[in-house]
>>> print(open('model04.cif').read())   # mmCIF, C-alpha atoms
data_entry
#
loop_
_atom_site.label_atom_id
_atom_site.label_comp_id
_atom_site.auth_asym_id
_atom_site.auth_seq_id
_atom_site.Cartn_x
_atom_site.Cartn_y
_atom_site.Cartn_z
CA MET B 1 81.95 62.40 138.93
CA LYS B 2 82.46 66.00 137.92
CA PHE B 3 86.21 65.55 138.46
CA ILE B 4 86.26 62.51 136.15
CA ALA B 5 84.31 64.45 133.53
CA PHE B 6 86.77 67.34 133.81
CA MET B 7 89.74 65.01 133.42
CA ALA B 8 88.13 63.39 130.42
CA GLY B 9 87.45 66.81 128.92
CA SER B 10 91.01 67.93 129.62
CA SER B 11 92.42 64.79 128.01
CA LEU B 12 90.14 65.25 125.03
CA PHE B 13 91.28 68.88 124.66
CA LYS B 14 94.94 67.88 124.79
CA SER B 15 94.33 65.06 122.32
CA LEU B 16 92.63 67.48 119.95
CA TRP B 17 95.52 69.91 120.36
CA VAL B 18 98.09 67.20 119.58
CA LEU B 19 96.10 66.26 116.49
CA ALA B 20 95.82 69.91 115.40
CA PHE B 21 99.51 70.49 116.00
CA SER B 22 100.49 67.34 114.06
CA THR B 23 98.33 68.43 111.13
CA LEU B 24 99.79 71.93 111.31
CA SER B 25 103.36 70.63 111.41
CA HIS B 26 102.68 68.46 108.36
CA THR B 27 101.16 71.44 106.55
CA MET B 28 104.18 73.57 107.37
CA ALA B 29 106.56 70.85 106.21
CA LEU B 30 104.94 71.03 102.79
CA ASN B 31 104.84 74.82 102.82
CA ASN B 32 106.87 76.96 100.44
CA SER B 33 107.63 80.60 99.72
CA GLY B 34 104.85 83.13 99.99
CA LYS B 35 102.18 80.79 101.35
CA TRP B 36 101.69 83.10 104.35
CA TRP B 37 100.10 85.60 101.97
CA GLY B 38 96.95 83.49 102.31
CA ILE B 39 96.20 85.21 105.62
CA VAL B 40 94.59 88.08 103.67
CA ASN B 41 91.56 85.88 103.04
CA SER B 42 90.27 85.66 106.61
CA ALA B 43 92.88 86.60 109.23
CA SER B 44 91.59 88.01 112.49
CA SER B 45 92.66 88.24 116.11
CA GLY B 46 90.01 85.67 117.03
CA ASN B 47 91.83 82.89 115.17
CA ILE B 48 94.33 82.29 117.97
CA ILE B 49 93.20 81.01 121.35
CA PRO B 50 95.54 81.22 124.37
CA GLY B 51 95.99 78.07 126.43
CA SER B 52 95.73 77.86 130.18
CA ASP B 53 97.71 75.29 132.15
CA VAL B 54 100.15 74.59 129.30
CA GLY B 55 100.83 78.20 128.28
CA PRO B 56 99.74 80.02 125.10
CA ILE B 57 98.61 77.54 122.46
CA PRO B 58 98.47 78.66 118.81
CA LEU B 59 95.30 76.66 118.19
CA VAL B 60 94.50 77.41 114.57
CA LEU B 61 90.79 77.64 113.80
CA ASP B 62 91.08 79.24 110.36
CA PRO B 63 92.81 77.19 107.64
CA SER B 64 94.59 80.31 106.36
CA LEU B 65 96.54 80.64 109.63
CA GLN B 66 97.90 77.11 109.24
CA LEU B 67 100.17 78.70 106.66
CA LEU B 68 102.14 80.56 109.33
CA SER B 69 105.41 79.21 110.63
CA ARG B 70 106.05 78.65 114.32
CA ARG B 71 108.09 81.85 114.46
CA GLN B 72 105.35 83.83 112.74
CA ARG B 73 102.72 82.60 115.19
CA ARG B 74 105.01 83.45 118.10
CA LEU B 75 105.44 87.00 116.81
CA ILE B 76 101.66 87.37 116.62
CA ARG B 77 101.22 86.16 120.20
CA GLN B 78 103.97 88.45 121.49
CA ASN B 79 102.69 91.53 119.64
CA PRO B 80 98.90 91.90 119.97
CA GLY B 81 97.47 93.82 117.04
CA ILE B 82 100.26 92.90 114.67
CA LEU B 83 98.31 90.36 112.61
CA GLN B 84 95.80 93.00 111.57
CA SER B 85 98.63 95.39 110.66
CA ILE B 86 100.44 92.74 108.60
CA THR B 87 97.20 91.88 106.80
CA ARG B 88 96.55 95.55 105.98
CA GLY B 89 100.10 95.90 104.69
CA LEU B 90 99.70 92.85 102.46
CA LEU B 91 96.40 94.10 101.04
CA SER B 92 98.00 97.50 100.32
CA ALA B 93 100.91 95.75 98.59
CA MET B 94 98.51 93.77 96.39
CA ARG B 95 96.69 96.96 95.35
CA GLU B 96 100.00 98.69 94.64
CA CYS B 97 101.25 95.78 92.54
CA LYS B 98 98.07 95.90 90.45
CA TRP B 99 98.42 99.66 89.99
CA GLN B 100 102.06 99.53 88.92
CA PHE B 101 101.43 96.79 86.32
CA ARG B 102 97.94 97.79 85.19
CA ASN B 103 99.20 98.52 81.66
CA ARG B 104 101.56 95.54 81.29
CA ARG B 105 100.97 92.06 79.89
CA TRP B 106 101.49 90.72 83.40
CA ASN B 107 99.12 92.88 85.43
CA CYS B 108 99.73 91.27 88.83
CA PRO B 109 96.70 88.96 88.83
CA THR B 110 95.66 87.75 92.28
CA GLY B 111 93.17 85.18 93.44
CA HIS B 112 91.66 83.41 96.40
CA GLY B 113 93.14 80.50 98.28
CA ASN B 114 96.69 80.07 99.49
CA GLN B 115 98.51 81.06 96.30
CA VAL B 116 97.43 84.70 96.33
CA PHE B 117 99.76 85.76 93.50
CA GLY B 118 99.50 82.48 91.63
CA LYS B 119 102.21 80.13 90.41
CA ILE B 120 104.45 83.00 89.29
CA ILE B 121 105.97 83.00 92.78
CA ASN B 122 107.54 79.62 92.03
CA ARG B 123 109.58 81.23 89.27
CA GLY B 124 112.69 83.36 89.53
CA CYS B 125 111.79 86.14 87.08
CA ARG B 126 111.51 89.93 87.46
CA GLU B 127 107.80 89.78 88.26
CA THR B 128 108.49 87.40 91.15
CA ALA B 129 111.15 89.79 92.43
CA PHE B 130 108.67 92.68 92.48
CA VAL B 131 106.03 90.63 94.31
CA PHE B 132 108.43 89.70 97.10
CA ALA B 133 109.79 93.24 97.38
CA ILE B 134 106.41 95.01 97.47
CA THR B 135 104.87 92.56 99.97
CA SER B 136 107.87 92.93 102.28
CA ALA B 137 107.67 96.71 101.90
CA GLY B 138 103.91 96.67 102.55
CA VAL B 139 104.32 94.78 105.84
CA THR B 140 107.19 97.02 106.97
CA HIS B 141 105.25 100.17 106.06
CA SER B 142 102.03 99.07 107.76
CA VAL B 143 103.69 97.90 111.00
CA ALA B 144 105.79 101.08 111.28
CA ARG B 145 102.66 103.22 110.83
CA SER B 146 100.61 101.10 113.24
CA CYS B 147 103.22 101.68 115.96
CA SER B 148 102.86 105.46 115.74
CA GLU B 149 99.06 105.11 115.65
CA GLY B 150 99.06 102.99 118.83
CA SER B 151 97.52 99.93 117.16
CA ILE B 152 100.23 97.51 118.34
CA GLU B 153 100.69 97.07 122.09
CA SER B 154 104.40 96.24 121.98
CA CYS B 155 105.60 99.37 120.15
CA SER B 156 104.98 103.11 119.94
CA CYS B 157 106.36 106.18 118.16
CA ASP B 158 110.07 106.27 117.46
CA TYR B 159 111.34 108.70 120.12
CA ARG B 160 115.05 108.37 119.35
CA ARG B 161 115.01 111.70 117.57
CA ARG B 162 114.46 114.20 120.38
CA GLY B 163 115.96 117.56 121.27
CA PRO B 164 118.17 119.88 119.18
CA GLY B 165 118.09 119.56 115.43
CA GLY B 166 118.97 122.84 113.69
CA PRO B 167 119.11 126.62 114.17
CA ASP B 168 115.34 127.10 113.84
CA TRP B 169 113.94 123.63 114.45
CA HIS B 170 114.15 120.73 116.90
CA TRP B 171 113.26 117.06 116.90
CA GLY B 172 109.94 116.13 118.49
CA GLY B 173 106.51 114.84 117.60
CA CYS B 174 105.79 111.21 116.76
CA SER B 175 108.13 109.64 114.22
CA ASP B 176 106.94 106.50 112.45
CA ASN B 177 108.71 103.50 113.97
CA ILE B 178 110.60 102.27 110.93
CA GLU B 179 113.04 100.21 113.00
CA PHE B 180 110.27 98.11 114.54
CA GLY B 181 108.64 97.85 111.12
CA ARG B 182 111.87 96.54 109.60
CA PHE B 183 112.38 94.14 112.49
CA ILE B 184 108.92 92.60 112.12
CA GLY B 185 109.24 92.70 108.34
CA LYS B 186 112.42 90.65 108.51
CA GLU B 187 111.38 88.27 111.29
CA PHE B 188 107.89 87.61 109.93
CA VAL B 189 108.38 87.74 106.16
CA ASP B 190 111.81 86.10 105.89
CA SER B 191 110.89 83.23 108.22
CA SER B 192 108.77 81.64 105.50
CA GLU B 193 111.85 81.04 103.36
CA ARG B 194 113.61 77.69 103.61
CA GLY B 195 116.79 76.27 102.07
CA ARG B 196 120.10 77.59 100.82
CA ASP B 197 119.57 77.46 97.06
CA LEU B 198 119.45 80.27 94.51
CA LYS B 199 115.71 80.89 94.88
CA TYR B 200 116.06 81.20 98.66
CA LEU B 201 118.86 83.77 98.35
CA VAL B 202 117.02 85.76 95.67
CA ASN B 203 113.78 85.89 97.69
CA LEU B 204 115.62 87.07 100.81
CA HIS B 205 117.45 89.73 98.80
CA ASN B 206 114.22 91.08 97.28
CA ASN B 207 112.51 91.05 100.69
CA GLN B 208 115.35 93.17 102.00
CA ALA B 209 115.17 95.50 98.98
CA GLY B 210 111.52 96.21 99.80
CA ARG B 211 112.31 97.07 103.42
CA MET B 212 115.30 99.22 102.48
CA THR B 213 113.19 101.18 100.00
CA VAL B 214 110.69 102.10 102.73
CA LEU B 215 113.60 103.23 104.95
CA THR B 216 115.37 105.34 102.33
CA GLU B 217 112.13 106.98 101.16
CA MET B 218 111.32 108.32 104.63
CA HIS B 219 111.25 112.12 104.88
CA GLN B 220 111.25 114.87 107.46
CA GLU B 221 107.93 116.50 108.32
CA CYS B 222 107.63 119.68 110.39
CA LYS B 223 105.07 121.80 112.20
CA CYS B 224 105.53 125.56 112.62
CA HIS B 225 105.33 127.42 115.93
CA GLY B 226 105.37 131.16 116.56
CA MET B 227 103.14 134.21 116.69
CA SER B 228 100.70 134.57 113.77
CA GLY B 229 102.22 131.61 111.97
CA SER B 230 105.66 133.23 111.77
CA CYS B 231 107.31 129.81 111.92
CA SER B 232 110.13 131.09 114.12
CA LEU B 233 110.53 127.53 115.40
CA ARG B 234 109.59 124.19 113.92
CA THR B 235 109.11 120.76 115.47
CA CYS B 236 110.13 117.98 113.09
CA TRP B 237 109.77 114.21 112.96
CA MET B 238 110.34 111.41 110.44
CA ARG B 239 107.39 110.29 108.37
CA LEU B 240 106.89 107.22 106.19
CA PRO B 241 106.55 107.81 102.45
CA PRO B 242 103.24 106.99 100.75
CA LEU B 243 103.27 103.36 99.62
CA ARG B 244 102.76 104.69 96.08
CA SER B 245 106.19 106.33 96.30
CA VAL B 246 107.70 103.01 97.42
CA GLY B 247 105.90 101.24 94.56
CA ASP B 248 107.19 103.76 92.01
CA THR B 249 110.76 103.23 93.19
CA LEU B 250 110.47 99.44 93.15
CA LYS B 251 108.91 99.57 89.67
CA ASP B 252 111.96 101.51 88.44
CA ARG B 253 114.19 98.86 89.98
CA PHE B 254 112.06 96.16 88.37
CA ASP B 255 112.95 97.62 84.97
CA GLY B 256 116.63 97.72 85.93
CA ALA B 257 116.78 94.45 87.84
CA SER B 258 120.02 92.44 87.87
CA ARG B 259 120.25 88.84 86.73
CA VAL B 260 122.25 86.85 89.26
CA THR B 261 123.57 83.38 89.86
CA TYR B 262 124.56 81.30 92.87
CA SER B 263 128.05 81.06 94.30
CA ASN B 264 129.46 79.27 97.32
CA ASN B 265 133.14 79.62 96.52
CA GLY B 266 135.10 78.87 99.64
CA SER B 267 138.39 80.24 100.82
CA ASN B 268 140.94 78.77 103.19
CA ARG B 269 141.99 81.32 105.77
CA GLY B 270 143.68 80.25 108.98
CA GLY B 271 142.82 76.63 108.29
CA SER B 272 139.02 77.22 108.20
CA ARG B 273 136.88 77.02 105.10
CA SER B 274 134.21 79.61 104.41
CA ASP B 275 131.59 78.51 101.89
CA VAL B 276 128.64 80.74 102.75
CA PRO B 277 126.40 80.81 99.66
CA HIS B 278 125.85 84.22 98.12
CA LEU B 279 124.65 85.93 94.95
CA GLN B 280 126.86 87.22 92.18
CA PRO B 281 126.11 88.88 88.81
CA GLU B 282 125.55 86.40 86.00
CA ASN B 283 127.69 88.67 83.83
CA PRO B 284 131.11 89.00 85.54
CA SER B 285 131.57 92.48 84.04
CA HIS B 286 128.51 93.82 85.90
CA ALA B 287 128.71 95.33 89.37
CA MET B 288 127.19 93.56 92.36
CA PRO B 289 123.57 94.63 92.91
CA SER B 290 123.07 96.79 95.98
CA SER B 291 120.77 95.90 98.87
CA ARG B 292 118.07 98.08 97.28
CA ASP B 293 118.22 96.53 93.79
CA LEU B 294 115.87 93.78 92.64
CA VAL B 295 117.43 90.55 91.42
CA TYR B 296 116.20 87.58 89.38
CA PHE B 297 117.68 84.44 87.81
CA GLU B 298 115.42 83.40 84.94
CA LYS B 299 113.82 85.05 81.93
CA SER B 300 110.20 86.18 82.21
CA PRO B 301 107.49 84.44 80.15
CA ASN B 302 105.80 86.62 77.53
CA PHE B 303 102.43 86.38 79.36
CA CYS B 304 100.57 86.57 76.02
CA SER B 305 98.60 83.34 76.33
CA PRO B 306 97.02 81.54 79.28
CA SER B 307 99.58 79.35 81.01
CA GLU B 308 98.99 76.58 83.53
CA LYS B 309 102.70 76.61 84.37
CA THR B 310 102.75 80.26 85.45
CA GLY B 311 99.09 80.47 86.41
CA THR B 312 98.56 83.59 84.29
CA PRO B 313 95.47 84.29 82.13
CA GLY B 314 97.08 85.90 79.07
CA THR B 315 95.97 89.22 77.60
CA THR B 316 92.80 88.26 75.72
CA GLY B 317 90.00 90.62 76.75
CA ARG B 318 92.35 93.26 78.17
CA ILE B 319 91.58 96.92 77.41
CA CYS B 320 94.32 98.57 75.34
CA ASN B 321 95.19 102.04 74.02
CA ASN B 322 95.07 102.08 70.22
CA THR B 323 97.01 105.35 69.99
CA SER B 324 99.89 104.37 72.27
CA LEU B 325 103.23 102.97 71.11
CA GLY B 326 104.06 101.96 74.68
CA LEU B 327 103.44 98.79 76.65
CA ASP B 328 99.77 99.69 77.07
CA GLY B 329 99.32 100.04 73.30
CA CYS B 330 97.16 97.53 71.45
CA GLU B 331 100.06 96.25 69.36
CA LEU B 332 102.23 95.24 72.32
CA LEU B 333 99.58 94.43 74.91
CA CYS B 334 97.63 92.23 72.48
CA CYS B 335 100.84 90.48 71.37
CA GLY B 336 100.13 91.16 67.68
CA ARG B 337 96.80 89.27 67.72
CA GLY B 338 94.78 92.39 67.00
CA TYR B 339 91.88 93.92 68.88
CA ARG B 340 88.18 94.69 68.59
CA SER B 341 86.64 98.12 69.14
CA ARG B 342 83.22 98.93 70.56
CA ALA B 343 81.34 102.04 71.59
CA GLU B 344 80.49 102.37 75.26
CA LEU B 345 78.46 104.90 77.24
CA VAL B 346 80.59 106.31 80.07
CA THR B 347 79.21 108.46 82.91
CA GLU B 348 81.65 110.76 84.69
CA ARG B 349 81.41 113.57 87.24
CA CYS B 350 81.71 116.97 85.57
CA HIS B 351 81.18 120.72 86.06
CA CYS B 352 82.17 120.47 89.72
CA THR B 353 81.68 123.57 91.89
CA PHE B 354 83.13 124.30 95.32
CA HIS B 355 80.69 125.85 97.79
CA TRP B 356 81.89 127.80 100.82
CA CYS B 357 82.05 126.10 103.23
CA CYS B 358 82.74 123.22 102.62
CA HIS B 359 81.41 120.88 99.98
CA VAL B 360 81.62 120.22 96.24
CA THR B 361 78.70 119.58 93.92
CA CYS B 362 79.05 117.96 90.50
CA LEU B 363 76.88 116.99 87.57
CA ASN B 364 76.94 113.61 85.86
CA CYS B 365 77.97 113.79 82.21
CA THR B 366 77.50 110.86 79.85
CA SER B 367 79.51 110.48 76.66
CA MET B 368 80.14 107.83 74.04
CA GLN B 369 83.69 106.47 74.10
CA MET B 370 85.49 103.86 72.02
CA VAL B 371 86.87 100.92 73.97
CA HIS B 372 89.53 98.65 72.45
CA GLU B 373 89.82 95.04 73.63
CA CYS B 374 92.54 92.50 72.84
CA LEU B 375 91.55 89.45 70.81
#
>>> encode(input="model04.cif", output="structure tokens")
Amino acid sequence: MKFIAFMAGSSLFKSLWVLAFSTLSHTMALNNSGKWWGIVNSASSGNIIPGSDVGPIPLVLDPSLQLLSRRQRRLIRQNPGILQSITRGLLSAMRECKWQFRNRRWNCPTGHGNQVFGKIINRGCRETAFVFAITSAGVTHSVARSCSEGSIESCSCDYRRRGPGGPDWHWGGCSDNIEFGRFIGKEFVDSSERGRDLKYLVNLHNNQAGRMTVLTEMHQECKCHGMSGSCSLRTCWMRLPPLRSVGDTLKDRFDGASRVTYSNNGSNRGGSRSDVPHLQPENPSHAMPSSRDLVYFEKSPNFCSPSEKTGTPGTTGRICNNTSLGLDGCELLCCGRGYRSRAELVTERCHCTFHWCCHVTCLNCTSMQMVHECL
């Protein structure tokens, strides 16, 4: 009797698994670029349950994890701890995007649900390019750092740089594992892209630009050795840049992004035809963008008014600077609609004093400030 009950339970479990897998496959078939960003809402290591007699089963309990492709779920199973690292990297990328565009008409609005960055990701404009680049960079950065911190079981510090380095220093210490970070960044982030059209190529290019920026911004860090801090010998390793530095670089490339188009011109060589699709500058007189440049293929909206098509709220209610002639100024940020001014009490820390050792005490100062808000 117990055996029959077990068999019934086993059959029920397998039936439920088949149903879950069918639903998941249908969800993935309808999936599009950037949907995996939805994992930031409730991703955790407890969402994936290993199977027993049929091997590891990616049984998805949280709807957000249904957004992951088969390859992404396999990477998570093979690298315990990596889901948390990817989620942290994505959250850091979202904060960085908001910081970089805090004074622009498009200020990187984010929301709940699957479309974290809104409908702008379905476009091919500069803002879309930045979102893909910074999220790819955030994942690469977080995974590389997690390796050196021991948070991911399948990787560790990058120990390729060991031994002699220079006349008064040598390689040692724990370098951040940028190669593993780039590998996961490519395998996990790029796997959500499907197709061979212009949008597919542009998204992959901007993903790569984000990863390359993290790599090229890495720097050497050293620790001195010697009597009384003489620094007669130093041990050096490679350290990741702050994500703010990566964001600053990508923001510069956002302003200088290249507009591209799609080409699959073939060539007959040795009787075989090569028609691999690739990007090319829309203006033939322009140079090909490098692997670190951001690319786009359509003009950006003005973001002045709420738009259902782009999913952006417009600039009404935004705080502006009435003395600035820049993008944060009331004239440009408010799109010529004008602004209202109001007095506001602001409390700030002031008169701070350092006490040996080791704390700081401050007073709270309140002042009246004028705040300007777009109409």
>>> closest_residue(input="model04.cif", among="B:Arg239, B:Arg194, B:His351, B:Arg102", to="Val214 in chain B", atoms="only C-alpha atoms")
B:Arg239
>>> atom_distance(input="model04.cif", atom1="CA of Thr312 in chain B", atom2="CA of Cys108 in chain B")
9.0 Å
>>> residues_around(input="model04.cif", residues="Ser154 in chain B", least_positions_apart="6", cutoff="12 Å", atoms="all atoms listed in the file", output="list of chain:residue names")
B:Leu75, B:Ile76, B:Arg77, B:Gln78, B:Asn79, B:Pro80, B:Gly81, B:Ile82, B:Val143, B:Ala144, B:Ser146, B:Cys147, B:Ser148, B:Asn177, B:Phe180, B:Gly181, B:Ile184
>>> atom_distance(input="model04.cif", atom1="CA of Val346 in chain B", atom2="CA of His372 in chain B")
14.0 Å
>>> atom_distance(input="model04.cif", atom1="CA of His112 in chain B", atom2="CA of Asn41 in chain B")
7.1 Å
>>> closest_atom_pairs(input="model04.cif", of="range 174-242 of chain B", to="range 127-134 of chain B", cutoff="10 Å", atoms="all atoms listed in the file", output="tab-separated table")
residue	atom	partner	partner_atom	distance
B:Val189	CA	B:Phe132	CA	9.3
B:Val202	CA	B:Ala129	CA	7.8
B:Asn203	CA	B:Phe132	CA	6.6
B:Leu204	CA	B:Phe132	CA	8.5
B:His205	CA	B:Ala133	CA	8.5
B:Asn206	CA	B:Ala133	CA	4.9
B:Asn207	CA	B:Ala133	CA	4.8
B:Gln208	CA	B:Ala133	CA	7.2
B:Ala209	CA	B:Ala133	CA	6.1
B:Gly210	CA	B:Ala133	CA	4.2
B:Arg211	CA	B:Ala133	CA	7.6
B:Met212	CA	B:Ala133	CA	9.6
B:Thr213	CA	B:Ala133	CA	9.0
B:Val214	CA	B:Ile134	CA	9.8
>>> resolve_selection(input="model04.cif", expression="the PyMOL selection byres ((chain B and resi 293) around 7)", output="PyMOL selection string")
chain B and resi 209+253+257+289-292+294-295
>>> write_last_selection(input="model04.cif", atoms="C-alpha atoms", output="compact mmCIF listing (two decimals), in the coordinates of the input")
# COMPACT_ATOMS: atom_id res chain seq x y z
CA ALA B 209 115.17 95.50 98.98
CA ARG B 253 114.19 98.86 89.98
CA ALA B 257 116.78 94.45 87.84
CA PRO B 289 123.57 94.63 92.91
CA SER B 290 123.07 96.79 95.98
CA SER B 291 120.77 95.90 98.87
CA ARG B 292 118.07 98.08 97.28
CA LEU B 294 115.87 93.78 92.64
CA VAL B 295 117.43 90.55 91.42
>>> resolve_selection(input="model04.cif", expression="the PyMOL selection byres ((chain B and resi 373) around 6)", output="PyMOL selection string")
chain B and resi 317-320+339-340+372+374
>>> decode(input="model04.cif", residues="range 103-162 of chain B", atoms="C-alpha atoms", output="CSV table (one decimal), in the first residue's frame")
chain,number,residue,atom,x,y,z
B,103,ASN,CA,19.7,65.5,-14.4
B,104,ARG,CA,18.5,64.4,-17.8
B,105,ARG,CA,14.9,64.3,-19.3
B,106,TRP,CA,15.2,60.5,-19.3
B,107,ASN,CA,16.4,59.7,-15.8
B,108,CYS,CA,16.5,55.9,-16.1
B,109,PRO,CA,13.1,55.2,-14.5
B,110,THR,CA,12.7,51.7,-13.2
B,111,GLY,CA,9.7,49.8,-11.9
B,112,HIS,CA,8.4,46.5,-10.6
B,113,GLY,CA,7.5,43.5,-12.7
B,114,ASN,CA,9.3,41.9,-15.6
B,115,GLN,CA,10.1,45.1,-17.5
B,116,VAL,CA,12.4,46.6,-15.0
B,117,PHE,CA,13.6,49.4,-17.3
B,118,GLY,CA,10.2,49.8,-19.0
B,119,LYS,CA,9.4,49.7,-22.7
B,120,ILE,CA,12.5,51.8,-23.7
B,121,ILE,CA,14.3,48.5,-24.0
B,122,ASN,CA,12.2,47.6,-27.1
B,123,ARG,CA,13.7,50.6,-28.8
B,124,GLY,CA,17.1,51.0,-30.5
B,125,CYS,CA,18.1,54.5,-29.2
B,126,ARG,CA,21.1,55.7,-27.1
B,127,GLU,CA,19.3,55.2,-23.8
B,128,THR,CA,18.6,51.5,-24.7
B,129,ALA,CA,22.3,51.1,-25.5
B,130,PHE,CA,23.4,52.5,-22.1
B,131,VAL,CA,20.9,50.2,-20.3
B,132,PHE,CA,22.3,47.1,-22.0
B,133,ALA,CA,25.9,48.2,-21.5
B,134,ILE,CA,25.6,49.1,-17.8
B,135,THR,CA,23.7,45.9,-16.9
B,136,SER,CA,26.2,43.7,-18.6
B,137,ALA,CA,29.0,45.6,-16.9
B,138,GLY,CA,27.2,45.3,-13.5
B,139,VAL,CA,27.0,41.5,-13.8
B,140,THR,CA,30.6,41.2,-14.9
B,141,HIS,CA,31.8,43.5,-12.1
B,142,SER,CA,29.8,41.7,-9.4
B,143,VAL,CA,30.8,38.2,-10.5
B,144,ALA,CA,34.5,39.0,-10.8
B,145,ARG,CA,34.4,40.6,-7.3
B,146,SER,CA,32.4,37.7,-5.8
B,147,CYS,CA,35.1,35.2,-7.0
B,148,SER,CA,37.8,37.0,-5.1
B,149,GLU,CA,35.6,37.3,-2.0
B,150,GLY,CA,34.9,33.5,-2.1
B,151,SER,CA,31.1,33.9,-2.6
B,152,ILE,CA,31.0,31.6,-5.7
B,153,GLU,CA,32.0,28.0,-5.2
B,154,SER,CA,33.2,27.5,-8.8
B,155,CYS,CA,35.8,30.3,-8.9
B,156,SER,CA,38.4,32.1,-6.8
B,157,CYS,CA,41.0,34.8,-7.1
B,158,ASP,CA,42.8,35.2,-10.4
B,159,TYR,CA,46.2,33.7,-9.7
B,160,ARG,CA,47.6,33.9,-13.2
B,161,ARG,CA,49.7,36.9,-12.2
B,162,ARG,CA,52.3,35.4,-9.9
